file query.txt (compact mmCIF, N, CA and C atoms)
# COMPACT_ATOMS: atom_id res chain seq x y z
N MET A 1445 0.84 -1.17 0.00
CA MET A 1445 0.00 0.00 0.00
C MET A 1445 0.89 1.24 0.00
N ASP A 1446 0.61 2.18 -0.88
CA ASP A 1446 1.41 3.39 -0.97
C ASP A 1446 1.11 4.31 0.20
N ASP A 1447 2.17 4.90 0.73
CA ASP A 1447 2.04 5.83 1.84
C ASP A 1447 2.30 7.24 1.31
N PRO A 1448 1.25 8.07 1.17
CA PRO A 1448 1.42 9.43 0.62
C PRO A 1448 2.40 10.27 1.44
N GLN A 1449 2.42 10.08 2.76
CA GLN A 1449 3.35 10.83 3.60
C GLN A 1449 4.80 10.46 3.28
N ALA A 1450 5.08 9.19 3.09
CA ALA A 1450 6.43 8.75 2.75
C ALA A 1450 6.85 9.30 1.40
N ASP A 1451 5.91 9.33 0.44
CA ASP A 1451 6.22 9.88 -0.88
C ASP A 1451 6.58 11.36 -0.79
N ARG A 1452 5.84 12.12 0.03
CA ARG A 1452 6.13 13.56 0.19
C ARG A 1452 7.48 13.76 0.85
N THR A 1453 7.80 12.92 1.84
CA THR A 1453 9.09 13.03 2.53
C THR A 1453 10.23 12.72 1.56
N GLU A 1454 10.06 11.67 0.76
CA GLU A 1454 11.09 11.33 -0.22
C GLU A 1454 11.29 12.47 -1.21
N GLU A 1455 10.20 13.08 -1.66
CA GLU A 1455 10.30 14.19 -2.61
C GLU A 1455 11.00 15.38 -1.95
N LEU A 1456 10.65 15.68 -0.72
CA LEU A 1456 11.25 16.79 0.02
C LEU A 1456 12.76 16.60 0.15
N LEU A 1457 13.19 15.36 0.36
CA LEU A 1457 14.60 15.07 0.58
C LEU A 1457 15.30 14.55 -0.68
N SER A 1458 14.71 14.77 -1.84
CA SER A 1458 15.32 14.26 -3.06
C SER A 1458 16.59 15.01 -3.45
N HIS A 1459 16.66 16.31 -3.17
CA HIS A 1459 17.87 17.09 -3.47
C HIS A 1459 17.91 18.28 -2.52
N VAL A 1460 18.68 18.15 -1.48
CA VAL A 1460 18.73 19.15 -0.43
C VAL A 1460 19.94 20.06 -0.61
N LEU A 1461 19.69 21.37 -0.57
CA LEU A 1461 20.76 22.36 -0.59
C LEU A 1461 21.11 22.68 0.85
N VAL A 1462 22.41 22.61 1.17
CA VAL A 1462 22.87 22.79 2.54
C VAL A 1462 23.86 23.95 2.60
N PRO A 1463 23.43 25.12 3.09
CA PRO A 1463 24.36 26.23 3.25
C PRO A 1463 25.27 26.02 4.46
N VAL A 1464 26.56 26.29 4.28
CA VAL A 1464 27.52 26.17 5.38
C VAL A 1464 28.43 27.39 5.39
N ALA A 1465 28.90 27.74 6.59
CA ALA A 1465 29.74 28.93 6.75
C ALA A 1465 31.23 28.60 6.79
N ASN A 1466 31.56 27.47 7.40
CA ASN A 1466 32.96 27.09 7.56
C ASN A 1466 33.03 25.60 7.86
N GLU A 1467 34.23 25.10 8.08
CA GLU A 1467 34.42 23.66 8.28
C GLU A 1467 33.66 23.12 9.48
N SER A 1468 33.74 23.78 10.62
CA SER A 1468 33.06 23.25 11.81
C SER A 1468 31.54 23.32 11.64
N ASP A 1469 31.06 24.37 11.02
CA ASP A 1469 29.62 24.47 10.74
C ASP A 1469 29.20 23.37 9.77
N ALA A 1470 30.04 23.10 8.78
CA ALA A 1470 29.73 22.05 7.80
C ALA A 1470 29.67 20.68 8.48
N GLN A 1471 30.61 20.40 9.38
CA GLN A 1471 30.60 19.12 10.10
C GLN A 1471 29.33 18.97 10.93
N ALA A 1472 28.98 20.00 11.66
CA ALA A 1472 27.81 19.94 12.53
C ALA A 1472 26.52 19.86 11.70
N THR A 1473 26.46 20.59 10.61
CA THR A 1473 25.26 20.58 9.76
C THR A 1473 25.08 19.22 9.10
N ALA A 1474 26.16 18.66 8.58
CA ALA A 1474 26.09 17.33 7.95
C ALA A 1474 25.65 16.28 8.97
N ALA A 1475 26.18 16.35 10.18
CA ALA A 1475 25.80 15.40 11.23
C ALA A 1475 24.32 15.54 11.58
N ALA A 1476 23.81 16.76 11.60
CA ALA A 1476 22.40 16.98 11.91
C ALA A 1476 21.49 16.51 10.79
N LEU A 1477 21.96 16.59 9.55
CA LEU A 1477 21.16 16.18 8.38
C LEU A 1477 21.19 14.67 8.16
N ALA A 1478 22.27 14.02 8.54
CA ALA A 1478 22.48 12.59 8.24
C ALA A 1478 21.31 11.69 8.63
N PRO A 1479 20.70 11.84 9.80
CA PRO A 1479 19.60 10.93 10.16
C PRO A 1479 18.39 10.98 9.22
N TYR A 1480 18.28 12.04 8.44
CA TYR A 1480 17.13 12.19 7.54
C TYR A 1480 17.39 11.56 6.17
N ASP A 1481 18.63 11.15 5.93
CA ASP A 1481 19.02 10.38 4.75
C ASP A 1481 18.53 10.99 3.42
N PRO A 1482 18.96 12.22 3.11
CA PRO A 1482 18.55 12.81 1.84
C PRO A 1482 19.14 12.03 0.66
N ALA A 1483 18.41 11.99 -0.45
CA ALA A 1483 18.87 11.26 -1.64
C ALA A 1483 20.08 11.93 -2.26
N HIS A 1484 20.09 13.25 -2.30
CA HIS A 1484 21.19 13.99 -2.92
C HIS A 1484 21.41 15.28 -2.14
N VAL A 1485 22.67 15.66 -1.97
CA VAL A 1485 23.03 16.87 -1.23
C VAL A 1485 23.92 17.75 -2.10
N THR A 1486 23.60 19.03 -2.11
CA THR A 1486 24.51 20.04 -2.67
C THR A 1486 24.81 21.01 -1.54
N VAL A 1487 26.08 21.19 -1.26
CA VAL A 1487 26.49 22.11 -0.21
C VAL A 1487 26.87 23.43 -0.85
N VAL A 1488 26.41 24.53 -0.25
CA VAL A 1488 26.72 25.85 -0.79
C VAL A 1488 27.45 26.66 0.27
N HIS A 1489 28.50 27.32 -0.17
CA HIS A 1489 29.24 28.25 0.68
C HIS A 1489 29.15 29.61 0.00
N VAL A 1490 28.70 30.60 0.74
CA VAL A 1490 28.57 31.95 0.19
C VAL A 1490 29.73 32.79 0.68
N VAL A 1491 30.49 33.31 -0.27
CA VAL A 1491 31.57 34.24 0.04
C VAL A 1491 30.95 35.63 -0.01
N GLU A 1492 30.93 36.27 1.16
CA GLU A 1492 30.32 37.59 1.24
C GLU A 1492 31.23 38.62 0.59
N LYS A 1493 30.68 39.31 -0.40
CA LYS A 1493 31.42 40.33 -1.12
C LYS A 1493 30.93 41.70 -0.67
N GLY A 1494 31.85 42.61 -0.51
CA GLY A 1494 31.48 43.97 -0.17
C GLY A 1494 31.31 44.79 -1.44
N GLU A 1495 30.31 45.63 -1.44
CA GLU A 1495 30.12 46.53 -2.59
C GLU A 1495 30.65 47.89 -2.16
N GLY A 1496 31.82 48.22 -2.67
CA GLY A 1496 32.44 49.49 -2.33
C GLY A 1496 33.22 49.47 -1.03
N VAL A 1497 33.30 48.28 -0.40
CA VAL A 1497 34.07 48.13 0.83
C VAL A 1497 34.94 46.88 0.67
N PRO A 1498 36.00 46.77 1.46
CA PRO A 1498 36.83 45.56 1.35
C PRO A 1498 36.04 44.30 1.70
N ASP A 1499 36.38 43.20 1.03
CA ASP A 1499 35.75 41.92 1.32
C ASP A 1499 36.12 41.48 2.73
N LYS A 1500 35.26 40.67 3.35
CA LYS A 1500 35.50 40.20 4.71
C LYS A 1500 36.76 39.35 4.80
N THR A 1501 37.01 38.52 3.77
CA THR A 1501 38.20 37.69 3.74
C THR A 1501 38.80 37.75 2.34
N PRO A 1502 40.12 37.60 2.23
CA PRO A 1502 40.73 37.57 0.90
C PRO A 1502 40.19 36.38 0.09
N VAL A 1503 40.18 36.51 -1.22
CA VAL A 1503 39.62 35.49 -2.10
C VAL A 1503 40.26 34.13 -1.87
N GLU A 1504 41.56 34.05 -1.77
CA GLU A 1504 42.23 32.76 -1.56
C GLU A 1504 41.81 32.13 -0.24
N GLN A 1505 41.71 32.93 0.79
CA GLN A 1505 41.28 32.40 2.09
C GLN A 1505 39.83 31.92 1.98
N SER A 1506 38.99 32.64 1.28
CA SER A 1506 37.59 32.24 1.09
C SER A 1506 37.50 30.92 0.35
N LYS A 1507 38.35 30.73 -0.65
CA LYS A 1507 38.36 29.47 -1.40
C LYS A 1507 38.79 28.32 -0.50
N GLU A 1508 39.75 28.57 0.38
CA GLU A 1508 40.21 27.53 1.32
C GLU A 1508 39.11 27.16 2.31
N ILE A 1509 38.40 28.15 2.79
CA ILE A 1509 37.29 27.90 3.72
C ILE A 1509 36.21 27.08 3.03
N ALA A 1510 35.90 27.43 1.79
CA ALA A 1510 34.88 26.69 1.02
C ALA A 1510 35.33 25.24 0.81
N ALA A 1511 36.57 25.04 0.41
CA ALA A 1511 37.08 23.69 0.15
C ALA A 1511 37.05 22.83 1.42
N ALA A 1512 37.45 23.41 2.54
CA ALA A 1512 37.42 22.67 3.81
C ALA A 1512 35.98 22.35 4.21
N SER A 1513 35.07 23.26 3.94
CA SER A 1513 33.65 23.04 4.25
C SER A 1513 33.09 21.90 3.41
N TYR A 1514 33.41 21.89 2.12
CA TYR A 1514 32.93 20.82 1.24
C TYR A 1514 33.49 19.47 1.67
N ALA A 1515 34.76 19.45 2.02
CA ALA A 1515 35.39 18.20 2.46
C ALA A 1515 34.74 17.68 3.73
N ALA A 1516 34.37 18.59 4.64
CA ALA A 1516 33.72 18.18 5.88
C ALA A 1516 32.36 17.54 5.61
N VAL A 1517 31.60 18.12 4.71
CA VAL A 1517 30.29 17.55 4.37
C VAL A 1517 30.47 16.19 3.70
N ARG A 1518 31.50 16.06 2.87
CA ARG A 1518 31.72 14.79 2.15
C ARG A 1518 32.15 13.65 3.08
N THR A 1519 32.56 13.95 4.30
CA THR A 1519 32.84 12.86 5.24
C THR A 1519 31.54 12.16 5.63
N VAL A 1520 30.42 12.83 5.51
CA VAL A 1520 29.10 12.26 5.82
C VAL A 1520 28.35 11.91 4.54
N PHE A 1521 28.45 12.78 3.53
CA PHE A 1521 27.77 12.59 2.25
C PHE A 1521 28.83 12.60 1.15
N PRO A 1522 29.47 11.46 0.89
CA PRO A 1522 30.61 11.40 -0.04
C PRO A 1522 30.29 11.90 -1.46
N ASP A 1523 29.05 11.78 -1.90
CA ASP A 1523 28.69 12.18 -3.25
C ASP A 1523 28.12 13.59 -3.34
N ALA A 1524 28.24 14.36 -2.28
CA ALA A 1524 27.68 15.72 -2.27
C ALA A 1524 28.32 16.58 -3.35
N ASP A 1525 27.49 17.35 -4.01
CA ASP A 1525 27.98 18.36 -4.95
C ASP A 1525 28.30 19.62 -4.17
N ASP A 1526 29.04 20.53 -4.79
CA ASP A 1526 29.31 21.80 -4.12
C ASP A 1526 29.01 22.96 -5.05
N HIS A 1527 28.76 24.10 -4.42
CA HIS A 1527 28.43 25.31 -5.17
C HIS A 1527 28.96 26.49 -4.35
N THR A 1528 29.80 27.29 -4.95
CA THR A 1528 30.30 28.49 -4.29
C THR A 1528 29.63 29.69 -4.91
N ALA A 1529 29.09 30.56 -4.05
CA ALA A 1529 28.43 31.77 -4.51
C ALA A 1529 29.19 32.97 -3.95
N TYR A 1530 29.24 34.01 -4.74
CA TYR A 1530 29.88 35.26 -4.32
C TYR A 1530 28.80 36.33 -4.34
N ALA A 1531 28.47 36.87 -3.16
CA ALA A 1531 27.37 37.82 -3.10
C ALA A 1531 27.45 38.66 -1.83
N ARG A 1532 26.80 39.77 -1.86
CA ARG A 1532 26.69 40.61 -0.67
C ARG A 1532 25.56 40.12 0.22
N ASP A 1533 24.47 39.68 -0.40
CA ASP A 1533 23.29 39.22 0.32
C ASP A 1533 23.31 37.70 0.40
N VAL A 1534 23.63 37.17 1.57
CA VAL A 1534 23.80 35.73 1.75
C VAL A 1534 22.50 34.98 1.49
N ALA A 1535 21.40 35.45 2.03
CA ALA A 1535 20.11 34.78 1.84
C ALA A 1535 19.76 34.71 0.36
N GLU A 1536 19.92 35.81 -0.33
CA GLU A 1536 19.60 35.84 -1.76
C GLU A 1536 20.50 34.88 -2.54
N ALA A 1537 21.76 34.79 -2.15
CA ALA A 1537 22.68 33.86 -2.80
C ALA A 1537 22.25 32.41 -2.57
N ILE A 1538 21.75 32.11 -1.39
CA ILE A 1538 21.26 30.77 -1.10
C ILE A 1538 20.03 30.47 -1.94
N PHE A 1539 19.11 31.42 -2.03
CA PHE A 1539 17.91 31.23 -2.86
C PHE A 1539 18.29 31.02 -4.33
N ASP A 1540 19.23 31.81 -4.82
CA ASP A 1540 19.69 31.67 -6.20
C ASP A 1540 20.33 30.30 -6.43
N ALA A 1541 21.14 29.85 -5.48
CA ALA A 1541 21.78 28.54 -5.60
C ALA A 1541 20.74 27.43 -5.61
N ALA A 1542 19.73 27.54 -4.76
CA ALA A 1542 18.66 26.53 -4.70
C ALA A 1542 17.96 26.43 -6.05
N GLU A 1543 17.71 27.57 -6.66
CA GLU A 1543 17.07 27.57 -7.98
C GLU A 1543 18.00 26.98 -9.03
N LYS A 1544 19.27 27.39 -8.99
CA LYS A 1544 20.23 26.94 -9.99
C LYS A 1544 20.42 25.42 -9.98
N VAL A 1545 20.47 24.82 -8.79
CA VAL A 1545 20.69 23.37 -8.70
C VAL A 1545 19.38 22.60 -8.64
N ASP A 1546 18.25 23.32 -8.68
CA ASP A 1546 16.92 22.72 -8.62
C ASP A 1546 16.74 21.88 -7.36
N ALA A 1547 17.06 22.49 -6.21
CA ALA A 1547 16.94 21.81 -4.93
C ALA A 1547 15.48 21.63 -4.55
N SER A 1548 15.17 20.51 -3.95
CA SER A 1548 13.81 20.24 -3.48
C SER A 1548 13.55 20.95 -2.15
N ALA A 1549 14.62 21.24 -1.41
CA ALA A 1549 14.51 21.91 -0.11
C ALA A 1549 15.86 22.50 0.27
N ILE A 1550 15.82 23.42 1.21
CA ILE A 1550 17.03 24.00 1.80
C ILE A 1550 17.06 23.52 3.24
N ALA A 1551 18.16 22.90 3.65
CA ALA A 1551 18.30 22.43 5.04
C ALA A 1551 19.45 23.19 5.67
N TYR A 1552 19.17 23.86 6.78
CA TYR A 1552 20.21 24.65 7.43
C TYR A 1552 20.16 24.43 8.93
N ARG A 1553 21.23 24.80 9.56
CA ARG A 1553 21.35 24.73 11.01
C ARG A 1553 21.58 26.15 11.50
N ALA A 1554 20.69 26.64 12.33
CA ALA A 1554 20.79 28.01 12.82
C ALA A 1554 22.08 28.20 13.60
N ARG A 1555 22.68 29.35 13.43
CA ARG A 1555 23.91 29.67 14.13
C ARG A 1555 23.59 30.62 15.27
N ASP A 1556 24.42 30.56 16.29
CA ASP A 1556 24.22 31.45 17.42
C ASP A 1556 24.59 32.87 17.07
N GLY A 1557 24.08 33.78 17.83
CA GLY A 1557 24.40 35.19 17.68
C GLY A 1557 23.46 36.00 18.55
N ASN A 1558 23.97 37.09 19.08
CA ASN A 1558 23.10 37.91 19.91
C ASN A 1558 22.13 38.71 19.04
N ARG A 1559 21.20 39.38 19.67
CA ARG A 1559 20.17 40.12 18.92
C ARG A 1559 20.76 41.19 18.02
N VAL A 1560 21.78 41.87 18.49
CA VAL A 1560 22.39 42.93 17.68
C VAL A 1560 23.00 42.34 16.41
N MET A 1561 23.74 41.23 16.56
CA MET A 1561 24.35 40.59 15.39
C MET A 1561 23.28 40.11 14.41
N ARG A 1562 22.19 39.54 14.93
CA ARG A 1562 21.11 39.08 14.05
C ARG A 1562 20.47 40.27 13.34
N PHE A 1563 20.28 41.38 14.06
CA PHE A 1563 19.69 42.57 13.44
C PHE A 1563 20.60 43.10 12.33
N LEU A 1564 21.90 43.20 12.62
CA LEU A 1564 22.83 43.74 11.64
C LEU A 1564 22.98 42.83 10.42
N SER A 1565 22.86 41.53 10.62
CA SER A 1565 23.02 40.60 9.50
C SER A 1565 21.71 40.34 8.77
N GLY A 1566 20.62 40.94 9.25
CA GLY A 1566 19.34 40.73 8.58
C GLY A 1566 18.68 39.42 8.99
N ASP A 1567 19.17 38.79 10.05
CA ASP A 1567 18.68 37.52 10.56
C ASP A 1567 18.44 36.54 9.43
N LEU A 1568 19.49 35.89 9.03
CA LEU A 1568 19.48 34.92 7.94
C LEU A 1568 18.42 33.85 8.13
N SER A 1569 18.29 33.33 9.34
CA SER A 1569 17.29 32.28 9.60
C SER A 1569 15.89 32.77 9.29
N LEU A 1570 15.57 33.96 9.75
CA LEU A 1570 14.24 34.52 9.50
C LEU A 1570 13.99 34.67 8.01
N ARG A 1571 14.97 35.19 7.30
CA ARG A 1571 14.81 35.36 5.85
C ARG A 1571 14.67 34.02 5.15
N LEU A 1572 15.44 33.01 5.57
CA LEU A 1572 15.34 31.70 4.93
C LEU A 1572 13.93 31.13 5.07
N VAL A 1573 13.36 31.19 6.27
CA VAL A 1573 12.06 30.56 6.47
C VAL A 1573 10.88 31.39 5.98
N THR A 1574 11.07 32.68 5.81
CA THR A 1574 9.94 33.51 5.38
C THR A 1574 9.97 33.91 3.91
N GLN A 1575 11.12 33.82 3.25
CA GLN A 1575 11.21 34.31 1.89
C GLN A 1575 11.56 33.25 0.85
N ALA A 1576 11.82 32.02 1.28
CA ALA A 1576 12.21 30.97 0.33
C ALA A 1576 11.03 30.55 -0.54
N ASP A 1577 11.34 30.14 -1.76
CA ASP A 1577 10.31 29.67 -2.69
C ASP A 1577 10.19 28.15 -2.69
N ARG A 1578 10.82 27.51 -1.71
CA ARG A 1578 10.76 26.05 -1.58
C ARG A 1578 10.83 25.72 -0.09
N PRO A 1579 10.54 24.50 0.31
CA PRO A 1579 10.58 24.16 1.73
C PRO A 1579 11.96 24.41 2.34
N VAL A 1580 11.94 24.84 3.58
CA VAL A 1580 13.16 25.07 4.34
C VAL A 1580 13.10 24.19 5.59
N ILE A 1581 14.14 23.42 5.79
CA ILE A 1581 14.22 22.50 6.92
C ILE A 1581 15.22 23.07 7.92
N ALA A 1582 14.74 23.40 9.11
CA ALA A 1582 15.62 23.87 10.18
C ALA A 1582 16.08 22.65 10.95
N LEU A 1583 17.34 22.33 10.84
CA LEU A 1583 17.90 21.14 11.48
C LEU A 1583 18.12 21.39 12.97
N PRO A 1584 17.92 20.35 13.78
CA PRO A 1584 18.17 20.52 15.22
C PRO A 1584 19.66 20.70 15.49
N ARG A 1585 19.94 21.41 16.54
CA ARG A 1585 21.33 21.58 16.95
C ARG A 1585 21.74 20.32 17.67
N VAL A 1586 22.78 19.66 17.19
CA VAL A 1586 23.24 18.39 17.76
C VAL A 1586 23.85 18.62 19.13
N ASP A 1587 24.65 19.67 19.25
CA ASP A 1587 25.32 20.00 20.52
C ASP A 1587 24.72 21.28 21.06
N ARG A 1588 23.98 21.20 22.12
CA ARG A 1588 23.30 22.37 22.70
C ARG A 1588 24.28 23.38 23.28
N ASN A 1589 25.54 23.02 23.44
CA ASN A 1589 26.52 23.93 24.04
C ASN A 1589 27.20 24.81 23.01
N GLU A 1590 26.83 24.71 21.75
CA GLU A 1590 27.52 25.48 20.71
C GLU A 1590 27.13 26.94 20.78

call {"tool": "encode", "arguments": {"input": "query.txt", "output": "structure tokens"}}
result
Amino acid sequence: MDDPQADRTEELLSHVLVPVANESDAQATAAALAPYDPAHVTVVHVVEKGEGVPDKTPVEQSKEIAAASYAAVRTVFPDADDHTAYARDVAEAIFDAAEKVDASAIAYRARDGNRVMRFLSGDLSLRLVTQADRPVIALPRVDRNE
């Protein structure tokens, strides 16, 4: 007998886009996603570019951070694809990447930060869950002490 709920879950997890900030974030995010067993994973790292201001990190350092992040995810999902985006608006870059790779959902792990930092950054989590054009999965934090 077909289970419509199982079919919807399989479709939701058919191609998950996973935004990561750095290697440790990538490790924790992959570990949090693993129990859900997505069929395909694409990991995205957004290099924040300044418009008229210096970039947060030099390009070579940003490439190294992205490569380490991808390698960390591949320890859990060996066949994961990767996508590097260069943008000022991180949320918009994630949405663009999801469209480009035709992701079925975006799965992310919220990062800590005080209210001021969230206000200044535009609260990425809020934007992901309220402005995405596809399902967004907020993964549980594996280590509550982070």

call {"tool": "residues_near_point", "arguments": {"input": "query.txt", "point": "(32.2, 31.6, 4.9)", "cutoff": "7 Å", "atoms": "only N, CA and C atoms", "output": "ChimeraX atom specification"}}
result
/A:1464-1466,1489-1492,1506,1509-1510

call {"tool": "residues_around", "arguments": {"input": "query.txt", "residues": "Val1520 in chain A", "least_positions_apart": "3", "cutoff": "8 Å", "atoms": "only N, CA and C atoms", "output": "JSON, numbers by chain"}}
result
{"A": [1471, 1474, 1475, 1478, 1515, 1516, 1517, 1523, 1524]}

call {"tool": "write_last_selection", "arguments": {"input": "query.txt", "atoms": "N, CA and C atoms", "output": "compact mmCIF listing (two decimals), in the coordinates of the input"}}
result
# COMPACT_ATOMS: atom_id res chain seq x y z
N GLN A 1471 30.61 20.40 9.38
CA GLN A 1471 30.60 19.12 10.10
C GLN A 1471 29.33 18.97 10.93
N ALA A 1474 26.16 18.66 8.58
CA ALA A 1474 26.09 17.33 7.95
C ALA A 1474 25.65 16.28 8.97
N ALA A 1475 26.18 16.35 10.18
CA ALA A 1475 25.80 15.40 11.23
C ALA A 1475 24.32 15.54 11.58
N ALA A 1478 22.27 14.02 8.54
CA ALA A 1478 22.48 12.59 8.24
C ALA A 1478 21.31 11.69 8.63
N ALA A 1515 34.76 19.45 2.02
CA ALA A 1515 35.39 18.20 2.46
C ALA A 1515 34.74 17.68 3.73
N ALA A 1516 34.37 18.59 4.64
CA ALA A 1516 33.72 18.18 5.88
C ALA A 1516 32.36 17.54 5.61
N VAL A 1517 31.60 18.12 4.71
CA VAL A 1517 30.29 17.55 4.37
C VAL A 1517 30.47 16.19 3.70
N ASP A 1523 29.05 11.78 -1.90
CA ASP A 1523 28.69 12.18 -3.25
C ASP A 1523 28.12 13.59 -3.34
N ALA A 1524 28.24 14.36 -2.28
CA ALA A 1524 27.68 15.72 -2.27
C ALA A 1524 28.32 16.58 -3.35

call {"tool": "closest_atom_pairs", "arguments": {"input": "query.txt", "of": "range 1517-1548 of chain A", "to": "range 1568-1574 of chain A", "cutoff": "10 Å", "atoms": "only C-alpha atoms", "output": "Markdown table"}}
result
| residue | atom | partner | partner_atom | distance |
| --- | --- | --- | --- | --- |
| A:Asp1533 | CA | A:Leu1568 | CA | 9.5 |
| A:Val1534 | CA | A:Leu1568 | CA | 7.6 |
| A:Ala1535 | CA | A:Leu1568 | CA | 6.1 |
| A:Glu1536 | CA | A:Leu1572 | CA | 8.9 |
| A:Ile1538 | CA | A:Leu1572 | CA | 8.5 |
| A:Phe1539 | CA | A:Leu1572 | CA | 8.2 |

call {"tool": "atom_distance", "arguments": {"input": "query.txt", "atom1": "atom N of Ala1512 in chain A", "atom2": "atom C of Pro1463 in chain A"}}
result
12.6 Å

call {"tool": "residues_near_point", "arguments": {"input": "query.txt", "point": "(14.7, 14.7, -0.5)", "cutoff": "7 Å", "atoms": "all atoms listed in the file", "output": "list of chain:residue names"}}
result
A:Thr1453, A:Glu1454, A:Glu1455, A:Leu1456, A:Leu1457, A:Ser1458, A:His1459, A:Val1460, A:Asp1481, A:Pro1482, A:Ala1483, A:His1484, A:Ser1548, A:Ala1549

call {"tool": "closest_residue", "arguments": {"input": "query.txt", "among": "A:Thr1486, A:Gln1505, A:Val1580, A:Arg1553", "to": "Ala1472 in chain A", "atoms": "only N, CA and C atoms"}}
result
A:Arg1553

call {"tool": "residues_around", "arguments": {"input": "query.txt", "residues": "Ile1581 in chain A", "least_positions_apart": "6", "cutoff": "8 Å", "atoms": "only C-alpha atoms", "output": "number ranges by chain"}}
result
A: 1549-1552

call {"tool": "axis_aligned_box", "arguments": {"input": "query.txt", "around": "range 1485-1495 of chain A", "padding_each_side": "4 Å", "output": "JSON"}}
result
{"center_x": 27.3, "center_y": 31.8, "center_z": -0.7, "size_x": 17.2, "size_y": 40.2, "size_z": 11.9}

call {"tool": "closest_residue", "arguments": {"input": "query.txt", "among": "A:Arg1585, A:Ala1470, A:Leu1461, A:Glu1504", "to": "Ala1541 in chain A", "atoms": "all atoms listed in the file"}}
result
A:Leu1461

call {"tool": "atom_distance", "arguments": {"input": "query.txt", "atom1": "CA of Asp1526 in chain A", "atom2": "CA of Ser1513 in chain A"}}
result
9.5 Å

call {"tool": "atom_distance", "arguments": {"input": "query.txt", "atom1": "CA of Ala1542 in chain A", "atom2": "CA of Pro1584 in chain A"}}
result
20.8 Å
